[in-house]
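Visitor: Contents of final_24.cif (mmCIF, C-alpha atoms and all ligand atoms; chains and numbers go by the auth columns) are given next:
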data_work
loop_
_atom_site.group_PDB
_atom_site.id
_atom_site.type_symbol
_atom_site.label_atom_id
_atom_site.label_comp_id
_atom_site.label_asym_id
_atom_site.label_seq_id
_atom_site.Cartn_x
_atom_site.Cartn_y
_atom_site.Cartn_z
_atom_site.B_iso_or_equiv
_atom_site.auth_seq_id
_atom_site.auth_asym_id
ATOM 1 C CA MET A 1 12.004 31.209 37.748 0.00 1 M
ATOM 2 C CA ILE A 2 12.899 30.103 34.232 0.00 2 M
ATOM 3 C CA TYR A 3 15.504 27.779 35.754 0.00 3 M
ATOM 4 C CA GLY A 4 12.808 26.067 37.822 0.00 4 M
ATOM 5 C CA TRP A 5 10.665 25.497 34.735 0.00 5 M
ATOM 6 C CA LEU A 6 13.635 24.259 32.733 0.00 6 M
ATOM 7 C CA PHE A 7 14.510 21.804 35.523 0.00 7 M
ATOM 8 C CA LEU A 8 10.947 20.442 35.527 0.00 8 M
ATOM 9 C CA LEU A 9 10.953 20.250 31.726 0.00 9 M
ATOM 10 C CA GLY A 10 14.295 18.408 31.887 0.00 10 M
ATOM 11 C CA LEU A 11 12.878 15.923 34.428 0.00 11 M
ATOM 12 C CA THR A 12 9.970 15.241 32.105 0.00 12 M
ATOM 13 C CA VAL A 13 12.229 14.765 29.093 0.00 13 M
ATOM 14 C CA GLY A 14 14.485 12.487 31.185 0.00 14 M
ATOM 15 C CA SER A 15 11.439 10.486 32.204 0.00 15 M
ATOM 16 C CA PHE A 16 10.381 10.169 28.558 0.00 16 M
ATOM 17 C CA LEU A 17 13.911 9.037 27.578 0.00 17 M
ATOM 18 C CA ASN A 18 13.688 6.365 30.289 0.00 18 M
ATOM 19 C CA VAL A 19 10.467 5.040 28.841 0.00 19 M
ATOM 20 C CA VAL A 20 11.867 5.046 25.303 0.00 20 M
ATOM 21 C CA ILE A 21 15.186 3.331 25.954 0.00 21 M
ATOM 22 C CA PHE A 22 14.176 0.871 28.637 0.00 22 M
ATOM 23 C CA ARG A 23 11.062 -0.278 26.810 0.00 23 M
ATOM 24 C CA LEU A 24 12.902 -0.642 23.534 0.00 24 M
ATOM 25 C CA ARG A 25 15.254 -2.898 25.445 0.00 25 M
ATOM 26 C CA PHE A 26 12.358 -5.273 26.035 0.00 26 M
ATOM 27 C CA GLY A 27 11.011 -4.955 22.501 0.00 27 M
ATOM 28 C CA ASP A 28 7.924 -2.919 23.371 0.00 28 M
ATOM 29 C CA SER A 29 6.571 0.119 21.640 0.00 29 M
ATOM 30 C CA PRO A 30 7.690 3.148 23.634 0.00 30 M
ATOM 31 C CA PHE A 31 4.449 4.974 22.937 0.00 31 M
ATOM 32 C CA ARG A 32 2.037 2.361 24.187 0.00 32 M
ATOM 33 C CA GLY A 33 0.209 3.030 27.426 0.00 33 M
ATOM 34 C CA ARG A 34 1.705 3.716 30.816 0.00 34 M
ATOM 35 C CA SER A 35 4.889 2.543 32.493 0.00 35 M
ATOM 36 C CA TYR A 36 4.998 -0.720 34.376 0.00 36 M
ATOM 37 C CA CYS A 37 7.310 -2.366 36.900 0.00 37 M
ATOM 38 C CA ASP A 38 10.303 -4.312 35.452 0.00 38 M
ATOM 39 C CA HIS A 39 9.727 -7.147 37.933 0.00 39 M
ATOM 40 C CA CYS A 40 6.003 -7.707 38.526 0.00 40 M
ATOM 41 C CA HIS A 41 4.853 -5.921 35.322 0.00 41 M
ATOM 42 C CA LYS A 42 2.099 -4.189 37.245 0.00 42 M
ATOM 43 C CA LYS A 43 1.140 -0.854 35.754 0.00 43 M
ATOM 44 C CA ILE A 44 2.537 2.080 37.680 0.00 44 M
ATOM 45 C CA PRO A 45 -0.188 4.592 38.658 0.00 45 M
ATOM 46 C CA TRP A 46 0.485 8.250 37.839 0.00 46 M
ATOM 47 C CA TYR A 47 1.134 9.180 41.484 0.00 47 M
ATOM 48 C CA ASP A 48 3.998 6.654 41.600 0.00 48 M
ATOM 49 C CA ASN A 49 5.349 7.809 38.254 0.00 49 M
ATOM 50 C CA ILE A 50 6.386 11.378 39.064 0.00 50 M
ATOM 51 C CA PRO A 51 9.960 11.936 37.900 0.00 51 M
ATOM 52 C CA LEU A 52 12.543 11.745 40.703 0.00 52 M
ATOM 53 C CA LEU A 53 9.984 12.410 43.482 0.00 53 M
ATOM 54 C CA SER A 54 8.289 9.004 43.281 0.00 54 M
ATOM 55 C CA PHE A 55 11.612 7.164 43.427 0.00 55 M
ATOM 56 C CA VAL A 56 12.527 9.026 46.627 0.00 56 M
ATOM 57 C CA LEU A 57 9.068 8.628 48.237 0.00 57 M
ATOM 58 C CA LEU A 58 8.930 4.901 47.444 0.00 58 M
ATOM 59 C CA GLY A 59 12.457 4.387 48.785 0.00 59 M
ATOM 60 C CA GLY A 60 13.555 3.012 45.415 0.00 60 M
ATOM 61 C CA LYS A 61 11.134 0.061 45.609 0.00 61 M
ATOM 62 C CA CYS A 62 8.049 -0.988 43.658 0.00 62 M
ATOM 63 C CA ARG A 63 4.871 -0.388 45.701 0.00 63 M
ATOM 64 C CA ASN A 64 3.415 -3.681 44.540 0.00 64 M
ATOM 65 C CA CYS A 65 6.282 -6.234 44.680 0.00 65 M
ATOM 66 C CA GLN A 66 8.752 -4.318 46.874 0.00 66 M
ATOM 67 C CA LYS A 67 11.605 -5.150 44.498 0.00 67 M
ATOM 68 C CA LYS A 68 14.282 -2.556 43.783 0.00 68 M
ATOM 69 C CA ILE A 69 13.730 -0.035 40.994 0.00 69 M
ATOM 70 C CA SER A 70 16.894 0.572 38.965 0.00 70 M
ATOM 71 C CA ALA A 71 18.685 3.749 40.045 0.00 71 M
ATOM 72 C CA ALA A 72 19.333 4.407 36.349 0.00 72 M
ATOM 73 C CA TYR A 73 15.789 5.805 36.015 0.00 73 M
ATOM 74 C CA PRO A 74 16.075 8.676 38.525 0.00 74 M
ATOM 75 C CA ALA A 75 19.733 9.162 37.504 0.00 75 M
ATOM 76 C CA ILE A 76 18.732 9.942 33.901 0.00 76 M
ATOM 77 C CA GLU A 77 15.846 12.160 35.051 0.00 77 M
ATOM 78 C CA PHE A 78 18.034 14.134 37.431 0.00 78 M
ATOM 79 C CA LEU A 79 20.939 14.486 34.985 0.00 79 M
ATOM 80 C CA VAL A 80 18.688 15.684 32.161 0.00 80 M
ATOM 81 C CA GLY A 81 16.916 18.112 34.543 0.00 81 M
ATOM 82 C CA LEU A 82 20.271 19.498 35.633 0.00 82 M
ATOM 83 C CA GLU A 83 21.473 19.626 32.048 0.00 83 M
ATOM 84 C CA PHE A 84 18.500 21.758 30.924 0.00 84 M
ATOM 85 C CA VAL A 85 19.268 24.358 33.588 0.00 85 M
ATOM 86 C CA TRP A 86 22.961 24.187 32.946 0.00 86 M
ATOM 87 C CA VAL A 87 22.843 24.447 29.136 0.00 87 M
ATOM 88 C CA TYR A 88 20.558 27.484 29.366 0.00 88 M
ATOM 89 C CA TRP A 89 22.818 29.104 31.954 0.00 89 M
ATOM 90 C CA LEU A 90 25.865 28.345 29.821 0.00 90 M
ATOM 91 C CA LEU A 91 24.368 29.728 26.632 0.00 91 M
ATOM 92 C CA THR A 92 23.103 32.903 28.268 0.00 92 M
ATOM 93 C CA THR A 93 26.111 33.765 30.436 0.00 93 M
ATOM 94 C CA ASN A 94 29.344 32.230 29.142 0.00 94 M
ATOM 95 C CA PHE A 95 28.633 32.331 25.440 0.00 95 M
ATOM 96 C CA ASN A 96 26.447 35.459 25.469 0.00 96 M
ATOM 97 C CA PHE A 97 24.441 33.304 23.163 0.00 97 M
ATOM 98 C CA PHE A 98 21.137 35.134 22.924 0.00 98 M
ATOM 99 C CA GLY A 99 22.976 38.392 22.353 0.00 99 M
ATOM 100 C CA GLN A 100 24.533 37.039 19.179 0.00 100 M
ATOM 101 C CA VAL A 101 21.723 35.196 17.482 0.00 101 M
ATOM 102 C CA GLU A 102 18.139 36.236 17.607 0.00 102 M
ATOM 103 C CA GLY A 103 14.567 35.142 17.630 0.00 103 M
ATOM 104 C CA PHE A 104 13.444 31.802 16.369 0.00 104 M
ATOM 105 C CA TYR A 105 16.918 30.730 15.302 0.00 105 M
ATOM 106 C CA SER A 106 18.281 31.095 18.841 0.00 106 M
ATOM 107 C CA LEU A 107 15.458 28.910 20.162 0.00 107 M
ATOM 108 C CA GLY A 108 16.335 26.333 17.515 0.00 108 M
ATOM 109 C CA LEU A 109 19.950 26.384 18.619 0.00 109 M
ATOM 110 C CA LEU A 110 18.928 26.008 22.277 0.00 110 M
ATOM 111 C CA ALA A 111 16.796 23.012 21.271 0.00 111 M
ATOM 112 C CA TYR A 112 19.758 21.555 19.360 0.00 112 M
ATOM 113 C CA TRP A 113 22.005 21.773 22.437 0.00 113 M
ATOM 114 C CA LEU A 114 19.330 20.270 24.678 0.00 114 M
ATOM 115 C CA ILE A 115 18.644 17.361 22.297 0.00 115 M
ATOM 116 C CA LEU A 116 22.362 16.725 21.854 0.00 116 M
ATOM 117 C CA PHE A 117 23.229 16.716 25.565 0.00 117 M
ATOM 118 C CA SER A 118 20.098 14.797 26.617 0.00 118 M
ATOM 119 C CA GLY A 119 20.857 12.116 24.025 0.00 119 M
ATOM 120 C CA LEU A 120 24.508 11.869 25.075 0.00 120 M
ATOM 121 C CA ILE A 121 23.601 11.541 28.773 0.00 121 M
ATOM 122 C CA ALA A 122 20.962 8.889 28.097 0.00 122 M
ATOM 123 C CA MET A 123 23.360 6.894 25.896 0.00 123 M
ATOM 124 C CA ALA A 124 26.103 7.063 28.541 0.00 124 M
ATOM 125 C CA VAL A 125 23.816 5.792 31.334 0.00 125 M
ATOM 126 C CA TYR A 126 22.375 3.102 29.076 0.00 126 M
ATOM 127 C CA ASP A 127 25.838 1.928 27.995 0.00 127 M
ATOM 128 C CA LEU A 128 26.980 1.750 31.636 0.00 128 M
ATOM 129 C CA LYS A 129 23.966 -0.401 32.475 0.00 129 M
ATOM 130 C CA TYR A 130 23.647 -2.657 29.404 0.00 130 M
ATOM 131 C CA MET A 131 27.014 -2.308 27.607 0.00 131 M
ATOM 132 C CA ILE A 132 25.295 -1.208 24.429 0.00 132 M
ATOM 133 C CA ILE A 133 24.538 2.150 22.814 0.00 133 M
ATOM 134 C CA PRO A 134 20.904 2.182 21.678 0.00 134 M
ATOM 135 C CA ASP A 135 20.432 2.989 17.977 0.00 135 M
ATOM 136 C CA GLU A 136 17.024 4.399 18.859 0.00 136 M
ATOM 137 C CA ILE A 137 18.736 7.368 20.482 0.00 137 M
ATOM 138 C CA LEU A 138 21.968 7.471 18.491 0.00 138 M
ATOM 139 C CA TRP A 139 20.395 7.787 15.026 0.00 139 M
ATOM 140 C CA PRO A 140 17.879 10.559 15.834 0.00 140 M
ATOM 141 C CA VAL A 141 20.587 12.613 17.553 0.00 141 M
ATOM 142 C CA THR A 142 22.954 12.034 14.609 0.00 142 M
ATOM 143 C CA LEU A 143 20.195 13.144 12.232 0.00 143 M
ATOM 144 C CA VAL A 144 19.621 16.322 14.261 0.00 144 M
ATOM 145 C CA ALA A 145 23.382 17.038 14.250 0.00 145 M
ATOM 146 C CA PHE A 146 23.391 16.572 10.467 0.00 146 M
ATOM 147 C CA LEU A 147 20.331 18.758 9.883 0.00 147 M
ATOM 148 C CA ARG A 148 22.003 21.519 11.870 0.00 148 M
ATOM 149 C CA LEU A 149 24.627 21.735 9.093 0.00 149 M
ATOM 150 C CA PHE A 150 22.006 23.201 6.776 0.00 150 M
ATOM 151 C CA PHE A 151 21.993 26.244 9.085 0.00 151 M
ATOM 152 C CA SER A 152 25.621 26.371 10.191 0.00 152 M
ATOM 153 C CA HIS A 153 27.089 25.366 6.769 0.00 153 M
ATOM 154 C CA GLN A 154 30.079 23.825 8.547 0.00 154 M
ATOM 155 C CA TRP A 155 30.208 20.908 6.134 0.00 155 M
ATOM 156 C CA GLN A 156 33.841 20.227 6.940 0.00 156 M
ATOM 157 C CA VAL A 157 32.636 18.323 10.029 0.00 157 M
ATOM 158 C CA VAL A 158 31.319 15.528 7.764 0.00 158 M
ATOM 159 C CA PRO A 159 34.807 14.291 6.777 0.00 159 M
ATOM 160 C CA ALA A 160 35.797 14.718 10.444 0.00 160 M
ATOM 161 C CA GLY A 161 32.959 12.342 11.322 0.00 161 M
ATOM 162 C CA LEU A 162 34.009 9.824 8.678 0.00 162 M
ATOM 163 C CA VAL A 163 37.664 9.896 9.791 0.00 163 M
ATOM 164 C CA SER A 164 36.567 9.591 13.424 0.00 164 M
ATOM 165 C CA SER A 165 34.405 6.590 12.581 0.00 165 M
ATOM 166 C CA ALA A 166 37.169 4.980 10.501 0.00 166 M
ATOM 167 C CA PHE A 167 39.602 5.469 13.402 0.00 167 M
ATOM 168 C CA LEU A 168 37.387 3.660 15.922 0.00 168 M
ATOM 169 C CA GLY A 169 36.409 1.116 13.250 0.00 169 M
ATOM 170 C CA ALA A 170 40.095 0.243 12.796 0.00 170 M
ATOM 171 C CA LEU A 171 40.500 -0.105 16.582 0.00 171 M
ATOM 172 C CA TYR A 172 37.391 -2.272 16.635 0.00 172 M
ATOM 173 C CA LEU A 173 38.896 -4.600 14.012 0.00 173 M
ATOM 174 C CA ILE A 174 42.343 -4.677 15.639 0.00 174 M
ATOM 175 C CA THR A 175 40.956 -5.503 19.084 0.00 175 M
ATOM 176 C CA ARG A 176 38.352 -7.814 17.478 0.00 176 M
ATOM 177 C CA GLY A 177 35.558 -6.090 19.319 0.00 177 M
ATOM 178 C CA ARG A 178 37.041 -6.690 22.755 0.00 178 M
ATOM 179 C CA GLY A 179 38.052 -3.095 23.342 0.00 179 M
ATOM 180 C CA MET A 180 34.850 -1.536 22.076 0.00 180 M
ATOM 181 C CA GLY A 181 31.625 -2.276 20.282 0.00 181 M
ATOM 182 C CA LEU A 182 30.087 -1.356 16.942 0.00 182 M
ATOM 183 C CA GLY A 183 27.958 1.166 18.835 0.00 183 M
ATOM 184 C CA ASP A 184 31.136 3.069 19.658 0.00 184 M
ATOM 185 C CA VAL A 185 32.057 3.138 15.945 0.00 185 M
ATOM 186 C CA LYS A 186 28.663 4.658 15.126 0.00 186 M
ATOM 187 C CA LEU A 187 28.955 7.083 18.036 0.00 187 M
ATOM 188 C CA ALA A 188 32.328 8.164 16.599 0.00 188 M
ATOM 189 C CA PHE A 189 30.576 9.563 13.516 0.00 189 M
ATOM 190 C CA LEU A 190 28.313 11.682 15.705 0.00 190 M
ATOM 191 C CA MET A 191 31.376 12.884 17.647 0.00 191 M
ATOM 192 C CA GLY A 192 32.973 14.124 14.431 0.00 192 M
ATOM 193 C CA LEU A 193 29.761 15.830 13.292 0.00 193 M
ATOM 194 C CA VAL A 194 29.337 17.603 16.614 0.00 194 M
ATOM 195 C CA LEU A 195 32.956 18.575 17.207 0.00 195 M
ATOM 196 C CA GLY A 196 34.791 18.789 13.884 0.00 196 M
ATOM 197 C CA TRP A 197 38.560 18.882 13.647 0.00 197 M
ATOM 198 C CA PRO A 198 40.633 19.292 15.878 0.00 198 M
ATOM 199 C CA LEU A 199 38.180 19.079 18.802 0.00 199 M
ATOM 200 C CA VAL A 200 37.291 15.476 17.983 0.00 200 M
ATOM 201 C CA ALA A 201 40.940 14.508 18.582 0.00 201 M
ATOM 202 C CA LEU A 202 40.788 16.183 21.983 0.00 202 M
ATOM 203 C CA ALA A 203 37.627 14.182 22.779 0.00 203 M
ATOM 204 C CA TYR A 204 39.528 10.945 22.069 0.00 204 M
ATOM 205 C CA PHE A 205 42.413 12.101 24.218 0.00 205 M
ATOM 206 C CA VAL A 206 40.038 12.738 27.156 0.00 206 M
ATOM 207 C CA ALA A 207 38.202 9.439 26.514 0.00 207 M
ATOM 208 C CA PHE A 208 41.340 7.277 26.492 0.00 208 M
ATOM 209 C CA LEU A 209 42.832 9.076 29.496 0.00 209 M
ATOM 210 C CA THR A 210 39.707 8.881 31.685 0.00 210 M
ATOM 211 C CA GLY A 211 38.902 5.362 30.437 0.00 211 M
ATOM 212 C CA ALA A 212 42.377 4.115 31.370 0.00 212 M
ATOM 213 C CA ALA A 213 42.222 5.884 34.754 0.00 213 M
ATOM 214 C CA ALA A 214 38.802 4.413 35.531 0.00 214 M
ATOM 215 C CA GLY A 215 39.986 0.945 34.442 0.00 215 M
ATOM 216 C CA VAL A 216 43.008 1.120 36.772 0.00 216 M
ATOM 217 C CA ILE A 217 40.855 2.333 39.676 0.00 217 M
ATOM 218 C CA LEU A 218 38.250 -0.417 39.121 0.00 218 M
ATOM 219 C CA ILE A 219 40.961 -3.100 39.005 0.00 219 M
ATOM 220 C CA ILE A 220 42.786 -1.779 42.097 0.00 220 M
ATOM 221 C CA THR A 221 39.572 -1.581 44.113 0.00 221 M
ATOM 222 C CA GLY A 222 38.709 -5.106 42.966 0.00 222 M
ATOM 223 C CA LYS A 223 35.467 -4.059 41.267 0.00 223 M
ATOM 224 C CA LYS A 224 36.643 -5.442 37.927 0.00 224 M
ATOM 225 C CA LYS A 225 39.171 -8.054 36.818 0.00 225 M
ATOM 226 C CA LEU A 226 41.930 -7.367 34.310 0.00 226 M
ATOM 227 C CA LYS A 227 40.031 -9.156 31.547 0.00 227 M
ATOM 228 C CA SER A 228 36.530 -7.967 32.318 0.00 228 M
ATOM 229 C CA LYS A 229 34.827 -5.540 29.960 0.00 229 M
ATOM 230 C CA ILE A 230 34.265 -1.892 30.717 0.00 230 M
ATOM 231 C CA ALA A 231 31.897 0.087 28.499 0.00 231 M
ATOM 232 C CA PHE A 232 33.884 2.631 26.487 0.00 232 M
ATOM 233 C CA GLY A 233 30.898 4.683 25.321 0.00 233 M
ATOM 234 C CA PRO A 234 30.559 6.747 28.520 0.00 234 M
ATOM 235 C CA PHE A 235 34.184 7.863 28.204 0.00 235 M
ATOM 236 C CA LEU A 236 33.738 8.809 24.541 0.00 236 M
ATOM 237 C CA ILE A 237 30.666 10.797 25.583 0.00 237 M
ATOM 238 C CA LEU A 238 32.501 12.445 28.474 0.00 238 M
ATOM 239 C CA GLY A 239 35.265 13.408 26.031 0.00 239 M
ATOM 240 C CA THR A 240 32.695 14.779 23.568 0.00 240 M
ATOM 241 C CA ILE A 241 30.969 16.921 26.203 0.00 241 M
ATOM 242 C CA ILE A 242 34.263 18.297 27.575 0.00 242 M
ATOM 243 C CA ALA A 243 35.604 19.026 24.078 0.00 243 M
ATOM 244 C CA LYS A 244 32.328 20.687 23.037 0.00 244 M
ATOM 245 C CA LEU A 245 32.216 22.951 26.088 0.00 245 M
ATOM 246 C CA TRP A 246 35.846 23.745 26.862 0.00 246 M
ATOM 247 C CA GLY A 247 37.747 22.332 23.884 0.00 247 M
ATOM 248 C CA LEU A 248 39.004 25.580 22.414 0.00 248 M
ATOM 249 C CA ASN A 249 40.128 26.846 25.837 0.00 249 M
ATOM 250 C CA ILE A 250 41.941 23.582 26.564 0.00 250 M
ATOM 251 C CA ILE A 251 43.769 23.677 23.209 0.00 251 M
ATOM 252 C CA LYS A 252 44.751 27.355 23.723 0.00 252 M
ATOM 253 C CA TRP A 253 45.994 26.546 27.221 0.00 253 M
ATOM 254 C CA TYR A 254 47.968 23.577 25.927 0.00 254 M
ATOM 255 C CA ILE A 255 49.601 25.557 23.097 0.00 255 M
ATOM 256 C CA GLY A 256 50.552 28.204 25.684 0.00 256 M
ATOM 257 C CA PHE A 257 52.607 25.534 27.395 0.00 257 M
ATOM 258 C CA LEU A 258 54.643 24.598 24.329 0.00 258 M
HETATM 259 ZN ZN ZN B . 6.859 -4.456 40.956 0.00 1 C
#
Take the structure in the file and write it out as structure tokens.
Ligand SMILES: [Zn+2]
Guide:
Amino acid sequence: MIYGWLFLLGLTVGSFLNVVIFRLRFGDSPFRGRSYCDHCHKKIPWYDNIPLLSFVLLGGKCRNCQKKISAAYPAIEFLVGLEFVWVYWLLTTNFNFFGQVEGFYSLGLLAYWLILFSGLIAMAVYDLKYMIIPDEILWPVTLVAFLRLFFSHQWQVVPAGLVSSAFLGALYLITRGRGMGLGDVKLAFLMGLVLGWPLVALAYFVAFLTGAAAGVILIITGKKKLKSKIAFGPFLILGTIIAKLWGLNIIKWYIGFL
């Protein structure tokens, strides 16, 4: 039952994130009025604006102009919906989370995880689509990650964030912005804040490995040319999520091999 509600809540949050990031893209205020179609700019009535369901019922097309609606919208809604269920499941079962911390504080921590993962997912989808990481999501999430330190007192993650940012900043300068963007350098600070040392190094390892693998696959299948750009943000985010969830287990497993 609670999973059903969390899924619906996640869909709603995903829908809100869509409005925020895609409207900011076009320089509009995200809080003004209702959604409208990207093509014909006709306002979308509430019955065509139900997360996920409307996209399926309309066959992915605008009711007015019949042009395609970007699949990024339902993708973000669905992923955030799934994430809400999954994070709750993870915290209650794997981490025995609510058994360890209590009351209001545990709700705060749940909110922190949900904000963090929702923001990361939205940034990854946005970067895939537009090759840019929106500050409008990155800075609030970074602020939340920083504020959390006042409760966790793990201040050692701040230098980890600075080193992480300096590392990607150096790569940015060396590759003259061809390998990655300034958004990735800013994202690197958040990665350090969220993960700390040594998990942030693991995140980079996963990011470079999966990024290289995806690049090779895209070139072999002819989807991309050798010189064409591939957004690096989604791989950094994938690395961050994997390191956050399974990082300590992966490092233990790896040391067991040595
Ligand atoms: Zn339209």
Visitor: With only C-alpha atoms and all ligand atoms counted, collect every polymer residue having an atom within 6 Å of ligand ZN 1 (chain C); state the result as a ChimeraX atom specification.
Guide: /M:37,39-40,62,64-65,67
Visitor: Export, as a PDB file, in the coordinates of the input, the selected residues with C-alpha atoms.
Guide:
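To be explicit, this is the file written out as out.pdb:
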ATOM      1  CA  CYS M  37       7.310  -2.366  36.900  1.00  0.00           C
ATOM      2  CA  HIS M  39       9.727  -7.147  37.933  1.00  0.00           C
ATOM      3  CA  CYS M  40       6.003  -7.707  38.526  1.00  0.00           C
ATOM      4  CA  CYS M  62       8.049  -0.988  43.658  1.00  0.00           C
ATOM      5  CA  ASN M  64       3.415  -3.681  44.540  1.00  0.00           C
ATOM      6  CA  CYS M  65       6.282  -6.234  44.680  1.00  0.00           C
ATOM      7  CA  LYS M  67      11.605  -5.150  44.498  1.00  0.00           C
TER       8      LYS M  67
END
Visitor: Which residue is closest to Val185 (chain M)? Choose from M:Val163, M:Val80, M:Leu202, M:Met1 and count all atoms listed in the file.
Guide: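 Among the listed residues, the smallest separation from Val185 (chain M) belongs to M:Val163.
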Visitor: If you count all atoms listed in the file, which residues fall within 10 Å of region 168-178 of chain M, apart from same-chain ones fewer than 2 positions away, as number ranges by chain?
Guide: M: 163-166, 180-182, 184-189, 204, 227-230
Visitor: Pull C-alpha atoms from the residues just selected and write them as a CSV table (one decimal), keeping the file's coordinate frame.
Guide:
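So the final result, stored in again_28.csv, reads:
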chain,number,residue,atom,x,y,z
M,163,VAL,CA,37.7,9.9,9.8
M,164,SER,CA,36.6,9.6,13.4
M,165,SER,CA,34.4,6.6,12.6
M,166,ALA,CA,37.2,5.0,10.5
M,180,MET,CA,34.8,-1.5,22.1
M,181,GLY,CA,31.6,-2.3,20.3
M,182,LEU,CA,30.1,-1.4,16.9
M,184,ASP,CA,31.1,3.1,19.7
M,185,VAL,CA,32.1,3.1,15.9
M,186,LYS,CA,28.7,4.7,15.1
M,187,LEU,CA,29.0,7.1,18.0
M,188,ALA,CA,32.3,8.2,16.6
M,189,PHE,CA,30.6,9.6,13.5
M,204,TYR,CA,39.5,10.9,22.1
M,227,LYS,CA,40.0,-9.2,31.5
M,228,SER,CA,36.5,-8.0,32.3
M,229,LYS,CA,34.8,-5.5,30.0
M,230,ILE,CA,34.3,-1.9,30.7
Visitor: Would you kindly return, as a list in words, each protein, DNA or RNA residue with an atom no farther than 10 Å from any atom of Ala201 (chain M), considering all atoms listed in the file and excluding same-chain residues fewer than 5 positions away?
Guide: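 So, after excluding close chain neighbours, the residues are Ala160, Ser164, Met191, Gly192, Leu195, Gly196, Val206, Ala207, Gly239, Thr240, Ala243 and Gly247 of chain M.
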Visitor: Could you tell me how far CA of Val87 (chain M) sits from CA of Val56 (chain M), in Å to one decimal place?
Guide: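 Result for CA of Val56 (chain M) versus CA of Val87 (chain M): 25.5 Å, one decimal.
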Visitor: Using all atoms listed in the file, pick whichever of M:Leu91, M:Ile44, M:Leu79, M:Leu190 has the shortest atom-to-atom distance to Ser118 (chain M).
Guide: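 Nearest to Ser118 (chain M): M:Leu79.
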Visitor: On this structure, which residues satisfy the PyMOL selection byres (((chain M and resi 78) around 10) and not hetatm), written as a list in words?
Guide: Phe7, Leu8, Gly10, Leu11, Thr12, Gly14, Ser15, Pro51, Leu52, Ala72, Tyr73, Pro74, Ala75, Ile76, Glu77, Leu79, Val80, Gly81, Leu82 and Glu83 of chain M
Visitor: To one decimal place, how far is CA of Gly183 (chain M) from CA of Ile137 (chain M) in Å?
Guide: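 CA of Gly183 (chain M) sits 11.2 Å away from CA of Ile137 (chain M).
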Visitor: Which residue is closest to Thr142 (chain M)? Choose from M:Phe117, M:Trp197, M:Phe205, M:Trp89 and count only C-alpha atoms.
Guide: M:Phe117
Visitor: Quick one: apply the PyMOL selection byres (((chain M and resi 123) around 8) and not hetatm) to the file and drop the selected residues here as a ChimeraX atom specification.
Guide: /M:119-122,124-127,133-134,137-138,233-234
Visitor: CA of Ile217 (chain M) to CA of Phe232 (chain M): how many Å, to one decimal?
Guide: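 It comes out at 14.9 Å.
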Visitor: Determine the nearest neighbour of Ile250 (chain M) from the options M:Ala203, M:Val216, M:Val157, M:Ala231, counting all atoms listed in the file.
Guide: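 The closest residue to Ile250 (chain M) is M:Ala203.
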Visitor: Pick out the closest residue to His153 (chain M) from this set: M:Ile115, M:Leu238, M:Leu193, M:Ile220. Count only C-alpha atoms.
Guide: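 Checking each of M:Ile115, M:Leu238, M:Leu193, M:Ile220 against His153 (chain M), counting only C-alpha atoms, the winner is M:Leu193.
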Visitor: Could you please give me, as a ChimeraX atom specification, the residues of protein, DNA or RNA lying at most 12 Å from (23.9, 22.7, 12.2) in the coordinate frame of the file, considering all atoms listed in the file?
Guide: /M:105,108-113,116,141-158,193-196
Visitor: Keeping only C-alpha atoms, write the selected residues to a file as a short mmCIF file (atom, residue, chain, number, x, y, z; two decimals), keeping the file's coordinate frame.
Guide:
data_model
loop_
_atom_site.label_atom_id
_atom_site.label_comp_id
_atom_site.auth_asym_id
_atom_site.auth_seq_id
_atom_site.Cartn_x
_atom_site.Cartn_y
_atom_site.Cartn_z
CA TYR M 105 16.92 30.73 15.30
CA GLY M 108 16.34 26.33 17.52
CA LEU M 109 19.95 26.38 18.62
CA LEU M 110 18.93 26.01 22.28
CA ALA M 111 16.80 23.01 21.27
CA TYR M 112 19.76 21.56 19.36
CA TRP M 113 22.00 21.77 22.44
CA LEU M 116 22.36 16.73 21.85
CA VAL M 141 20.59 12.61 17.55
CA THR M 142 22.95 12.03 14.61
CA LEU M 143 20.20 13.14 12.23
CA VAL M 144 19.62 16.32 14.26
CA ALA M 145 23.38 17.04 14.25
CA PHE M 146 23.39 16.57 10.47
CA LEU M 147 20.33 18.76 9.88
CA ARG M 148 22.00 21.52 11.87
CA LEU M 149 24.63 21.74 9.09
CA PHE M 150 22.01 23.20 6.78
CA PHE M 151 21.99 26.24 9.09
CA SER M 152 25.62 26.37 10.19
CA HIS M 153 27.09 25.37 6.77
CA GLN M 154 30.08 23.82 8.55
CA TRP M 155 30.21 20.91 6.13
CA GLN M 156 33.84 20.23 6.94
CA VAL M 157 32.64 18.32 10.03
CA VAL M 158 31.32 15.53 7.76
CA LEU M 193 29.76 15.83 13.29
CA VAL M 194 29.34 17.60 16.61
CA LEU M 195 32.96 18.58 17.21
CA GLY M 196 34.79 18.79 13.88
#
